[in-house]
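Listing of run19.pdb; format and content: PDB, C-alpha atoms.
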```
ATOM      1  CA  MET N  22     117.066  95.021 148.700
ATOM      2  CA  SER N  23     113.331  94.370 148.948
ATOM      3  CA  PRO N  24     111.441  94.074 145.654
ATOM      4  CA  GLU N  25     109.648  97.154 144.355
ATOM      5  CA  PRO N  26     105.960  96.935 145.390
ATOM      6  CA  LEU N  27     103.238  96.388 142.834
ATOM      7  CA  ARG N  28     101.076  99.425 142.124
ATOM      8  CA  VAL N  29      97.494  98.156 141.933
ATOM      9  CA  LEU N  30      94.290  99.915 140.882
ATOM     10  CA  LEU N  31      91.317  98.145 142.468
ATOM     11  CA  VAL N  32      87.924  98.743 140.844
ATOM     12  CA  ASP N  33      84.660  97.523 142.427
ATOM     13  CA  ASP N  34      81.324  99.216 143.017
ATOM     14  CA  ASP N  35      80.886  97.511 146.402
ATOM     15  CA  LEU N  36      82.549  99.564 149.169
ATOM     16  CA  ASN N  37      82.965  96.603 151.542
ATOM     17  CA  ILE N  38      84.626  94.483 148.865
ATOM     18  CA  ARG N  39      86.964  97.368 147.999
ATOM     19  CA  LYS N  40      87.986  97.776 151.647
ATOM     20  CA  THR N  41      88.499  94.037 152.202
ATOM     21  CA  LEU N  42      90.452  93.497 148.988
ATOM     22  CA  ALA N  43      92.546  96.626 149.466
ATOM     23  CA  LEU N  44      93.547  95.416 152.936
ATOM     24  CA  GLY N  45      94.476  91.978 151.573
ATOM     25  CA  LEU N  46      96.496  93.491 148.720
ATOM     26  CA  ARG N  47      98.412  95.769 151.090
ATOM     27  CA  GLU N  48      99.201  92.810 153.360
ATOM     28  CA  LEU N  49     100.641  91.098 150.278
ATOM     29  CA  GLY N  50     102.986  94.024 149.647
ATOM     30  CA  CYS N  51     101.013  96.124 147.139
ATOM     31  CA  GLU N  52     100.374  99.843 146.906
ATOM     32  CA  VAL N  53      96.629 100.224 146.281
ATOM     33  CA  GLU N  54      94.364 102.913 144.890
ATOM     34  CA  SER N  55      90.624 102.306 144.580
ATOM     35  CA  ALA N  56      87.808 103.357 142.270
ATOM     36  CA  ASP N  57      84.092 102.596 142.342
ATOM     37  CA  GLY N  58      83.495 102.641 138.583
ATOM     38  CA  PRO N  59      84.895 103.206 135.096
ATOM     39  CA  GLY N  60      84.885 107.013 135.275
ATOM     40  CA  ARG N  61      87.166 107.298 138.294
ATOM     41  CA  ALA N  62      89.254 104.311 137.175
ATOM     42  CA  LEU N  63      89.971 105.800 133.751
ATOM     43  CA  ALA N  64      90.980 109.102 135.330
ATOM     44  CA  LEU N  65      93.434 107.357 137.660
ATOM     45  CA  ILE N  66      94.894 105.266 134.806
ATOM     46  CA  SER N  67      95.497 108.383 132.713
ATOM     47  CA  GLU N  68      97.192 110.148 135.633
ATOM     48  CA  GLY N  69      99.334 107.316 137.002
ATOM     49  CA  SER N  70     101.416 104.293 136.151
ATOM     50  CA  PHE N  71      99.916 101.089 137.533
ATOM     51  CA  ASP N  72     101.360  97.591 137.294
ATOM     52  CA  LEU N  73      97.967  95.892 137.698
ATOM     53  CA  VAL N  74      94.313  96.814 137.287
ATOM     54  CA  LEU N  75      92.082  94.446 139.268
ATOM     55  CA  SER N  76      88.507  95.170 138.244
ATOM     56  CA  ASP N  77      85.087  93.672 138.739
ATOM     57  CA  LEU N  78      83.511  92.741 135.408
ATOM     58  CA  ARG N  79      80.082  94.183 136.310
ATOM     59  CA  LEU N  80      80.140  97.722 137.729
ATOM     60  CA  GLY N  81      76.540  98.845 138.142
ATOM     61  CA  SER N  82      75.580 100.433 134.822
ATOM     62  CA  GLY N  83      79.217 100.200 133.625
ATOM     63  CA  SER N  84      81.540  97.365 132.699
ATOM     64  CA  GLY N  85      85.050  96.340 133.602
ATOM     65  CA  LEU N  86      85.629  95.735 129.907
ATOM     66  CA  GLU N  87      85.591  99.506 129.354
ATOM     67  CA  ILE N  88      88.504  99.793 131.758
ATOM     68  CA  LEU N  89      90.418  96.915 130.178
ATOM     69  CA  SER N  90      90.062  98.387 126.720
ATOM     70  CA  ALA N  91      91.223 101.835 127.858
ATOM     71  CA  ALA N  92      94.114 100.405 129.895
ATOM     72  CA  SER N  93      95.442  98.501 126.883
ATOM     73  CA  ARG N  94      95.800 101.824 125.001
ATOM     74  CA  HIS N  95      97.818 103.455 127.781
ATOM     75  CA  GLY N  96     101.441 104.370 126.999
ATOM     76  CA  ARG N  97     102.671 101.794 129.519
ATOM     77  CA  PRO N  98      99.669  99.461 129.751
ATOM     78  CA  PRO N  99      99.145  97.737 133.099
ATOM     79  CA  LEU N 100      98.286  94.077 133.364
ATOM     80  CA  THR N 101      94.548  93.662 133.781
ATOM     81  CA  VAL N 102      92.656  91.007 135.744
ATOM     82  CA  VAL N 103      88.860  90.792 135.938
ATOM     83  CA  MET N 104      86.814  89.538 138.865
ATOM     84  CA  THR N 105      83.279  88.292 138.473
ATOM     85  CA  ALA N 106      80.668  86.336 140.356
ATOM     86  CA  TYR N 107      79.255  85.277 137.002
ATOM     87  CA  ALA N 108      81.955  82.725 136.269
ATOM     88  CA  SER N 109      81.611  81.281 132.824
ATOM     89  CA  PHE N 110      83.756  80.386 129.888
ATOM     90  CA  ASP N 111      82.092  83.067 127.741
ATOM     91  CA  SER N 112      82.875  85.905 130.148
ATOM     92  CA  ALA N 113      86.481  84.682 130.478
ATOM     93  CA  VAL N 114      86.911  84.704 126.704
ATOM     94  CA  GLU N 115      85.355  88.171 126.479
ATOM     95  CA  ALA N 116      87.747  89.479 129.112
ATOM     96  CA  VAL N 117      90.812  87.959 127.450
ATOM     97  CA  LYS N 118      89.788  89.459 124.107
ATOM     98  CA  ALA N 119      89.656  92.845 125.813
ATOM     99  CA  GLY N 120      93.248  92.358 126.995
ATOM    100  CA  ALA N 121      92.909  90.667 130.390
ATOM    101  CA  PHE N 122      96.008  88.991 131.787
ATOM    102  CA  ASP N 123      93.956  86.648 133.990
ATOM    103  CA  TYR N 124      90.506  85.958 135.418
ATOM    104  CA  LEU N 125      89.292  85.473 138.992
ATOM    105  CA  ALA N 126      85.889  83.979 139.822
ATOM    106  CA  LYS N 127      84.276  85.275 143.016
ATOM    107  CA  PRO N 128      84.459  84.225 145.738
ATOM    108  CA  PHE N 129      88.228  83.686 145.861
ATOM    109  CA  GLY N 130      90.545  83.276 148.823
ATOM    110  CA  ASN N 131      93.883  84.744 149.839
ATOM    111  CA  ALA N 132      95.710  81.742 148.389
ATOM    112  CA  GLN N 133      94.260  82.397 144.926
ATOM    113  CA  LEU N 134      95.037  86.110 145.205
ATOM    114  CA  GLY N 135      98.591  85.386 146.322
ATOM    115  CA  HIS N 136      99.110  82.971 143.433
ATOM    116  CA  LEU N 137      97.836  85.578 140.991
ATOM    117  CA  LEU N 138     100.128  88.262 142.404
ATOM    118  CA  ALA N 139     103.122  85.920 142.106
ATOM    119  CA  LYS N 140     102.447  85.587 138.358
ATOM    120  CA  VAL N 141     101.933  89.330 138.027
ATOM    121  CA  ARG N 142     105.201  90.058 139.859
ATOM    122  CA  THR N 143     107.099  87.786 137.466
ATOM    123  CA  VAL N 144     105.802  89.628 134.407
ATOM    124  CA  VAL N 145     106.131  93.082 135.964
ATOM    125  CA  GLY N 146     109.688  92.298 137.057
ATOM    126  CA  LEU N 147     110.595  91.372 133.500
ATOM    127  CA  ARG N 148     108.917  94.516 132.173
ATOM    128  CA  ARG N 149     110.872  96.679 134.593
ATOM    129  CA  GLU N 150     114.136  94.996 133.667
ATOM    130  CA  ASN N 151     113.305  95.400 129.990
ATOM    131  CA  LEU N 152     112.657  99.119 130.533
ATOM    132  CA  ARG N 153     115.951  99.538 132.397
ATOM    133  CA  LEU N 154     117.795  97.830 129.541
ATOM    134  CA  ARG N 155     116.116 100.061 126.967
ATOM    135  CA  GLU N 156     116.989 103.177 128.955
ATOM    136  CA  ARG N 157     120.621 102.025 129.023
ATOM    137  CA  GLY N 158     120.542 101.219 125.310
ATOM    138  CA  GLY N 159     120.440  97.540 126.198
ATOM    139  CA  VAL N 160     118.738  94.472 124.790
ATOM    140  CA  PRO N 161     114.953  93.921 124.949
ATOM    141  CA  GLU N 162     113.948  90.829 126.917
ATOM    142  CA  LEU N 163     113.213  87.873 124.649
ATOM    143  CA  PHE N 164     111.374  86.004 127.401
ATOM    144  CA  LEU N 165     109.185  88.894 128.580
ATOM    145  CA  GLY N 166     105.894  87.685 130.043
ATOM    146  CA  MET N 167     106.518  83.953 129.614
ATOM    147  CA  LEU N 168     106.009  81.908 132.772
ATOM    148  CA  SER N 169     106.812  78.270 132.007
ATOM    149  CA  PRO N 170     109.598  76.537 133.975
ATOM    150  CA  ALA N 171     111.297  75.653 130.654
ATOM    151  CA  VAL N 172     111.566  79.333 129.701
ATOM    152  CA  ARG N 173     112.835  80.299 133.142
ATOM    153  CA  ARG N 174     115.633  77.712 132.774
ATOM    154  CA  LEU N 175     116.339  79.008 129.273
ATOM    155  CA  GLU N 176     116.536  82.578 130.543
ATOM    156  CA  ASP N 177     119.015  81.532 133.228
ATOM    157  CA  PHE N 178     121.117  79.652 130.660
ATOM    158  CA  THR N 179     121.159  82.671 128.334
ATOM    159  CA  ARG N 180     122.231  85.039 131.087
ATOM    160  CA  LYS N 181     125.166  82.802 131.987
ATOM    161  CA  VAL N 182     126.445  81.928 128.492
ATOM    162  CA  SER N 183     126.117  85.469 127.144
ATOM    163  CA  ALA N 184     128.802  86.636 129.536
ATOM    164  CA  VAL N 185     131.410  84.095 128.414
ATOM    165  CA  ASP N 186     133.027  83.485 125.033
ATOM    166  CA  GLU N 187     132.682  79.722 124.655
ATOM    167  CA  THR N 188     131.052  77.784 121.820
ATOM    168  CA  VAL N 189     127.323  77.135 122.306
ATOM    169  CA  LEU N 190     125.269  74.232 120.913
ATOM    170  CA  LEU N 191     121.489  74.651 120.697
ATOM    171  CA  VAL N 192     119.456  71.495 120.167
ATOM    172  CA  GLY N 193     115.747  71.065 119.613
ATOM    173  CA  GLU N 194     113.008  70.487 117.085
ATOM    174  CA  SER N 195     112.550  72.799 114.115
ATOM    175  CA  GLY N 196     110.532  75.841 115.129
ATOM    176  CA  THR N 197     111.608  75.955 118.783
ATOM    177  CA  GLY N 198     113.375  79.304 118.317
ATOM    178  CA  LYS N 199     117.047  78.348 118.029
ATOM    179  CA  THR N 200     117.848  81.208 115.642
ATOM    180  CA  GLU N 201     116.130  83.807 117.851
ATOM    181  CA  LEU N 202     117.954  82.483 120.912
ATOM    182  CA  ALA N 203     121.296  82.637 119.098
ATOM    183  CA  ARG N 204     120.637  86.285 118.161
ATOM    184  CA  HIS N 205     119.678  87.037 121.750
ATOM    185  CA  ILE N 206     122.851  85.465 123.163
ATOM    186  CA  HIS N 207     124.937  87.514 120.721
ATOM    187  CA  ALA N 208     123.054  90.733 121.522
ATOM    188  CA  ARG N 209     123.684  90.297 125.265
ATOM    189  CA  SER N 210     127.345  89.317 124.844
ATOM    190  CA  PRO N 211     130.503  91.469 124.814
ATOM    191  CA  ARG N 212     130.494  90.870 121.030
ATOM    192  CA  ALA N 213     127.167  92.667 120.580
ATOM    193  CA  GLN N 214     128.758  95.506 118.572
ATOM    194  CA  GLY N 215     130.262  92.987 116.135
ATOM    195  CA  PRO N 216     128.411  91.236 113.290
ATOM    196  CA  PHE N 217     125.963  88.369 113.705
ATOM    197  CA  VAL N 218     126.309  86.135 110.638
ATOM    198  CA  THR N 219     124.053  83.156 109.892
ATOM    199  CA  VAL N 220     124.796  80.165 107.673
ATOM    200  CA  PHE N 221     122.076  77.583 106.965
ATOM    201  CA  CYS N 222     124.196  74.474 106.497
ATOM    202  CA  SER N 223     121.335  72.373 105.091
ATOM    203  CA  THR N 224     120.605  74.667 102.119
ATOM    204  CA  LEU N 225     124.013  74.661 100.409
ATOM    205  CA  ALA N 226     125.725  71.923  98.392
ATOM    206  CA  GLU N 227     128.955  70.538  99.838
ATOM    207  CA  GLY N 228     131.424  72.453  97.642
ATOM    208  CA  VAL N 229     129.433  75.676  97.873
ATOM    209  CA  LEU N 230     129.115  75.377 101.661
ATOM    210  CA  GLU N 231     132.878  75.112 102.210
ATOM    211  CA  SER N 232     133.513  78.132 100.012
ATOM    212  CA  GLU N 233     130.714  80.025 101.785
ATOM    213  CA  LEU N 234     132.121  79.238 105.220
ATOM    214  CA  PHE N 235     135.857  79.461 104.675
ATOM    215  CA  GLY N 236     136.183  81.556 101.514
ATOM    216  CA  HIS N 237     138.279  80.610  98.505
ATOM    217  CA  ALA N 238     141.470  81.555  96.737
ATOM    218  CA  ARG N 239     141.541  82.798  93.168
ATOM    219  CA  GLY N 240     141.513  79.906  90.683
ATOM    220  CA  SER N 241     140.637  77.314  93.334
ATOM    221  CA  PHE N 242     137.736  76.089  91.167
ATOM    222  CA  THR N 243     135.938  76.994  87.968
ATOM    223  CA  GLY N 244     134.453  80.445  88.346
ATOM    224  CA  ALA N 245     136.716  81.507  91.224
ATOM    225  CA  VAL N 246     138.070  84.574  89.378
ATOM    226  CA  SER N 247     139.041  86.399  92.571
ATOM    227  CA  GLU N 248     139.719  85.783  96.234
ATOM    228  CA  ARG N 249     136.719  85.754  98.502
ATOM    229  CA  ALA N 250     136.434  85.921 102.283
ATOM    230  CA  GLY N 251     134.193  83.336 103.938
ATOM    231  CA  LYS N 252     131.622  83.747 106.668
ATOM    232  CA  PHE N 253     134.189  83.059 109.391
ATOM    233  CA  GLU N 254     136.089  86.167 108.310
ATOM    234  CA  THR N 255     132.895  88.158 107.752
ATOM    235  CA  ALA N 256     131.914  87.479 111.364
ATOM    236  CA  GLN N 257     135.271  88.753 112.670
ATOM    237  CA  GLY N 258     134.786  90.213 116.158
ATOM    238  CA  GLY N 259     131.222  88.903 116.323
ATOM    239  CA  THR N 260     129.264  85.655 116.193
ATOM    240  CA  LEU N 261     128.842  83.033 113.471
ATOM    241  CA  PHE N 262     125.615  81.054 113.807
ATOM    242  CA  LEU N 263     125.781  77.660 112.083
ATOM    243  CA  ASP N 264     122.221  76.406 111.741
ATOM    244  CA  GLU N 265     121.716  72.651 111.181
ATOM    245  CA  ILE N 266     125.338  71.846 111.976
ATOM    246  CA  GLY N 267     124.561  68.137 111.584
ATOM    247  CA  GLU N 268     124.438  68.619 107.801
ATOM    248  CA  LEU N 269     128.136  69.503 107.478
ATOM    249  CA  SER N 270     130.187  67.277 105.163
ATOM    250  CA  PRO N 271     133.173  65.372 106.589
ATOM    251  CA  SER N 272     135.558  67.854 104.926
ATOM    252  CA  ALA N 273     133.738  70.867 106.380
ATOM    253  CA  GLN N 274     133.653  69.164 109.784
ATOM    254  CA  ALA N 275     137.441  68.811 109.694
ATOM    255  CA  ARG N 276     137.888  72.477 108.781
ATOM    256  CA  LEU N 277     135.514  73.573 111.544
ATOM    257  CA  LEU N 278     137.357  71.406 114.057
ATOM    258  CA  ARG N 279     140.632  73.100 113.169
ATOM    259  CA  PHE N 280     139.063  76.508 113.671
ATOM    260  CA  LEU N 281     137.725  75.538 117.094
ATOM    261  CA  GLN N 282     141.137  74.214 118.078
ATOM    262  CA  ASP N 283     143.407  76.899 116.622
ATOM    263  CA  LYS N 284     141.127  79.849 115.731
ATOM    264  CA  VAL N 285     142.440  79.890 112.172
ATOM    265  CA  VAL N 286     140.800  79.198 108.801
ATOM    266  CA  GLU N 287     142.174  78.284 105.404
ATOM    267  CA  ARG N 288     140.366  79.421 102.294
ATOM    268  CA  VAL N 289     139.535  76.693  99.776
ATOM    269  CA  GLY N 290     142.525  76.331  97.452
ATOM    270  CA  SER N 291     144.946  78.064  99.837
ATOM    271  CA  ASN N 292     147.427  76.841 102.436
ATOM    272  CA  GLN N 293     147.582  80.159 104.265
ATOM    273  CA  ALA N 294     146.223  80.048 107.808
ATOM    274  CA  LEU N 295     144.221  83.157 108.665
ATOM    275  CA  PRO N 296     143.626  83.975 112.354
ATOM    276  CA  VAL N 297     139.977  84.820 113.027
ATOM    277  CA  ASP N 298     138.309  86.050 116.219
ATOM    278  CA  THR N 299     134.759  84.703 115.850
ATOM    279  CA  ARG N 300     132.456  83.029 118.348
ATOM    280  CA  ILE N 301     130.525  79.967 117.168
ATOM    281  CA  ILE N 302     126.925  79.220 118.072
ATOM    282  CA  ALA N 303     125.696  76.025 116.409
ATOM    283  CA  ALA N 304     122.214  74.527 116.239
ATOM    284  CA  THR N 305     120.690  71.245 115.157
ATOM    285  CA  ASN N 306     117.415  69.348 115.209
ATOM    286  CA  ARG N 307     119.322  66.072 114.837
ATOM    287  CA  ASN N 308     120.547  63.646 117.473
ATOM    288  CA  LEU N 309     124.295  64.319 117.238
ATOM    289  CA  PRO N 310     125.360  61.569 119.690
ATOM    290  CA  GLU N 311     123.495  59.113 117.469
ATOM    291  CA  ALA N 312     125.205  60.557 114.375
ATOM    292  CA  VAL N 313     128.557  60.162 116.136
ATOM    293  CA  ALA N 314     127.800  56.515 116.952
ATOM    294  CA  GLU N 315     126.873  55.903 113.293
ATOM    295  CA  GLY N 316     130.056  57.570 112.025
ATOM    296  CA  ARG N 317     128.251  60.485 110.332
ATOM    297  CA  PHE N 318     129.582  63.159 112.664
ATOM    298  CA  ARG N 319     133.052  63.532 114.147
ATOM    299  CA  GLU N 320     133.194  62.721 117.840
ATOM    300  CA  ASP N 321     136.017  65.206 118.493
ATOM    301  CA  LEU N 322     134.019  67.967 116.778
ATOM    302  CA  TYR N 323     130.913  67.122 118.781
ATOM    303  CA  TYR N 324     132.782  67.502 122.061
ATOM    304  CA  ARG N 325     134.245  70.805 120.872
ATOM    305  CA  LEU N 326     130.780  72.082 120.024
ATOM    306  CA  ASN N 327     128.801  71.098 123.101
ATOM    307  CA  ILE N 328     130.883  72.919 125.690
ATOM    308  CA  LEU N 329     127.701  74.813 126.521
ATOM    309  CA  GLU N 330     124.648  72.876 125.345
ATOM    310  CA  CYS N 331     121.031  73.906 125.649
ATOM    311  CA  ALA N 332     117.947  71.879 124.694
ATOM    312  CA  LEU N 333     114.965  73.997 123.611
ATOM    313  CA  VAL N 334     111.491  72.765 124.537
ATOM    314  CA  ALA N 335     108.683  72.692 121.967
ATOM    315  CA  LEU N 336     105.727  75.012 122.591
ATOM    316  CA  ARG N 337     103.314  72.089 123.013
ATOM    317  CA  HIS N 338     105.148  71.293 126.272
ATOM    318  CA  ARG N 339     104.823  74.861 127.621
ATOM    319  CA  ARG N 340     101.303  75.871 126.746
ATOM    320  CA  GLU N 341     101.167  78.516 129.486
ATOM    321  CA  ASP N 342     103.350  80.654 127.174
ATOM    322  CA  LEU N 343     100.854  80.537 124.290
ATOM    323  CA  PRO N 344      98.797  83.631 125.265
ATOM    324  CA  VAL N 345     101.945  85.751 125.653
ATOM    325  CA  LEU N 346     103.319  84.686 122.273
ATOM    326  CA  ALA N 347      99.964  85.104 120.540
ATOM    327  CA  ARG N 348      99.639  88.634 121.875
ATOM    328  CA  ARG N 349     103.228  89.459 120.856
ATOM    329  CA  PHE N 350     102.679  88.165 117.310
ATOM    330  CA  LEU N 351      99.457  90.167 117.010
ATOM    331  CA  GLU N 352     101.226  93.336 118.202
ATOM    332  CA  ASP N 353     104.073  92.771 115.726
ATOM    333  CA  ALA N 354     101.596  92.184 112.900
ATOM    334  CA  SER N 355      99.650  95.336 113.787
ATOM    335  CA  ALA N 356     102.834  97.412 113.927
ATOM    336  CA  ALA N 357     103.882  96.143 110.504
ATOM    337  CA  ARG N 358     100.628  97.223 108.809
TER     338      ARG N 358
END
```
Kindly return the structure encoded in the file as structure tokens.
Amino acid sequence: MSPEPLRVLLVDDDLNIRKTLALGLRELGCEVESADGPGRALALISEGSFDLVLSDLRLGSGSGLEILSAASRHGRPPLTVVMTAYASFDSAVEAVKAGAFDYLAKPFGNAQLGHLLAKVRTVVGLRRENLRLRERGGVPELFLGMLSPAVRRLEDFTRKVSAVDETVLLVGESGTGKTELARHIHARSPRAQGPFVTVFCSTLAEGVLESELFGHARGSFTGAVSERAGKFETAQGGTLFLDEIGELSPSAQARLLRFLQDKVVERVGSNQALPVDTRIIAATNRNLPEAVAEGRFREDLYYRLNILECALVALRHRREDLPVLARRFLEDASAAR
């Protein structure tokens, strides 16, 4: 099946440029409508649903920025790209502030236009998939709009591991999004209707952590006046996310290993084995192979955990994703006001 064509609104006050660009866009697989200024462009945007608005920045007595501003308020805002013969850093910043996806300095060739359309198609494809998921009651796309190779690999990994029921190990520096990725894997998995339970292993003392994870029997320690289910049982039918798994004590590591082997847990102070159907996603910012070599982490547990391992890349190594994330954070902040 051929990909759905891009719907492009081309805005330029020069008739010859409109004709030439429209021809080039159609040859590159786009459906094109044209306008000679802001008035006609705004009318077309209000009537239709475009994927891309490609507008000159200077339109006689008008400005392409008027179009960009109006397009950003549309119910399904198109991506916007400005063209200008007055290439400068200041005009690029002004356009981006108005909501531009990208910036083309005239004159530009077919290669530049084709490269731009490839980026637009990636984002539009993700938007369309996200819309289809929403219409089916599905999961919004975590990676929407991001273009870095690292994110594309991450998206492919997520799609594959979400469909299976194996243990997942996420590794990477603090702040790389391990918790969000774990939630996303759960939400796309067959366990999505079950609970997603998080335990931050680094914030709890050893004795408290074991009780929190595995539960405890009545009288198992001072203050244990009743039985209590642990997080493994709480996450029954869903996913248990163990953040900073490298902080587990040797005793807790042994208990976790037994669960991964036998799918049973024992509450602290009890010998009764309780069967539990819970998927484990673990995360760490530590070097677990190094911890294994130093005797601080069980080798057999490590190999049970990293059946499906994914290394998350820090944002400083994928700077092309910064504008997308900045815009998303601003939208979230505005919605929360």
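The interatomic distance for the pair atom CA of N:Asp264 and atom CA of N:Thr200 works out to 7.6 Å.
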Chain and number of each residue from the PyMOL selection byres ((chain N and resi 232) around 9), as a list in words: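 In the shown coordinates, the PyMOL selection byres ((chain N and resi 232) around 9) covers Glu227, Gly228, Val229, Leu230, Glu231, Glu233, Leu234, Phe235, Gly236, His237, Arg249, Ala250, Gly251, Lys252, Arg288 and Val289 of chain N.
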Atom CA of N:Arg300 to atom CA of N:Thr260, distance in Å rounded to a single decimal: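 Value for the atom CA of N:Arg300-atom CA of N:Thr260 distance: 4.7 Å.
The coordinates place atom CA of N:Leu46 at 14.5 Å from atom CA of N:Leu125.
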Excluding N:Leu336 and residues on its chain fewer than 2 positions from it, collect all residues at most 12 Å away from it, counting only C-alpha atoms, and give them as a CSV table (one decimal) with C-alpha atoms, in the coordinates of the input.
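selection-v4.csv was written with the following content:
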```csv
chain,number,residue,atom,x,y,z
N,167,MET,CA,106.5,84.0,129.6
N,169,SER,CA,106.8,78.3,132.0
N,171,ALA,CA,111.3,75.7,130.7
N,172,VAL,CA,111.6,79.3,129.7
N,193,GLY,CA,115.7,71.1,119.6
N,194,GLU,CA,113.0,70.5,117.1
N,195,SER,CA,112.6,72.8,114.1
N,196,GLY,CA,110.5,75.8,115.1
N,197,THR,CA,111.6,76.0,118.8
N,198,GLY,CA,113.4,79.3,118.3
N,333,LEU,CA,115.0,74.0,123.6
N,334,VAL,CA,111.5,72.8,124.5
N,338,HIS,CA,105.1,71.3,126.3
N,339,ARG,CA,104.8,74.9,127.6
N,340,ARG,CA,101.3,75.9,126.7
N,341,GLU,CA,101.2,78.5,129.5
N,342,ASP,CA,103.4,80.7,127.2
N,343,LEU,CA,100.9,80.5,124.3
N,344,PRO,CA,98.8,83.6,125.3
N,345,VAL,CA,101.9,85.8,125.7
N,346,LEU,CA,103.3,84.7,122.3
N,347,ALA,CA,100.0,85.1,120.5
```
Residues returned when the PyMOL selection byres ((chain N and resi 57) around 8) runs on this file, as a list in words: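 Written out, the selection comes to Val32, Asp33, Asp34, Asp35, Leu36, Ser55, Ala56, Gly58, Pro59, Arg61, Ala62 and Leu80 of chain N.
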Contacts of stretch 128-136 of chain N at 7 Å (all atoms listed in the file; same-chain gap of 3+ positions) as a list of chain:residue names: N:Ala106, N:Ala139, N:Lys140
Picked residues, the PyMOL selection byres ((chain N and resi 178-188) around 12), as a PyMOL selection string: chain N and resi 160+162-164+171-177+189-191+199+201-213+258-263+277-278+280-282+284+298-304+322-333
Nearest to N:Ala256 by atom-to-atom distance, counting all atoms listed in the file, from N:Thr305, N:Ser67, N:Gln293, N:Gln214: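 Distance minimum relative to N:Ala256 lands on N:Gln214.
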Selection near N:Thr101, 9 Å with all atoms listed in the file, sequence-local residues under 6 positions removed, as a PyMOL selection string: chain N and resi 72-76+88-89+92-93+120-124
Distance query stretch 267-270 of chain N at most 9 Å, only C-alpha atoms, self and fewer than 2 positions along chain excluded, as a PyMOL selection string: chain N and resi 222-223+227+230-231+264-265+272-275+304-309+312+317-318
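If you measure from each of N:Glu320, N:Glu311, N:Glu87, N:Glu52 to N:Ser70 using only C-alpha atoms, the closest one turns out to be N:Glu52.
Among the candidates N:Ala91, N:Ala43, N:Ala126, N:Leu351, the residue lying nearest to N:Gly60 is N:Ala91 (atoms considered: only C-alpha atoms).
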Nearest-residue call for N:Arg79, choices N:Arg28, N:Arg47, N:Lys40, N:Lys127, using all atoms listed in the file: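 The shortest atom-to-atom distance to N:Arg79 comes from N:Lys127.
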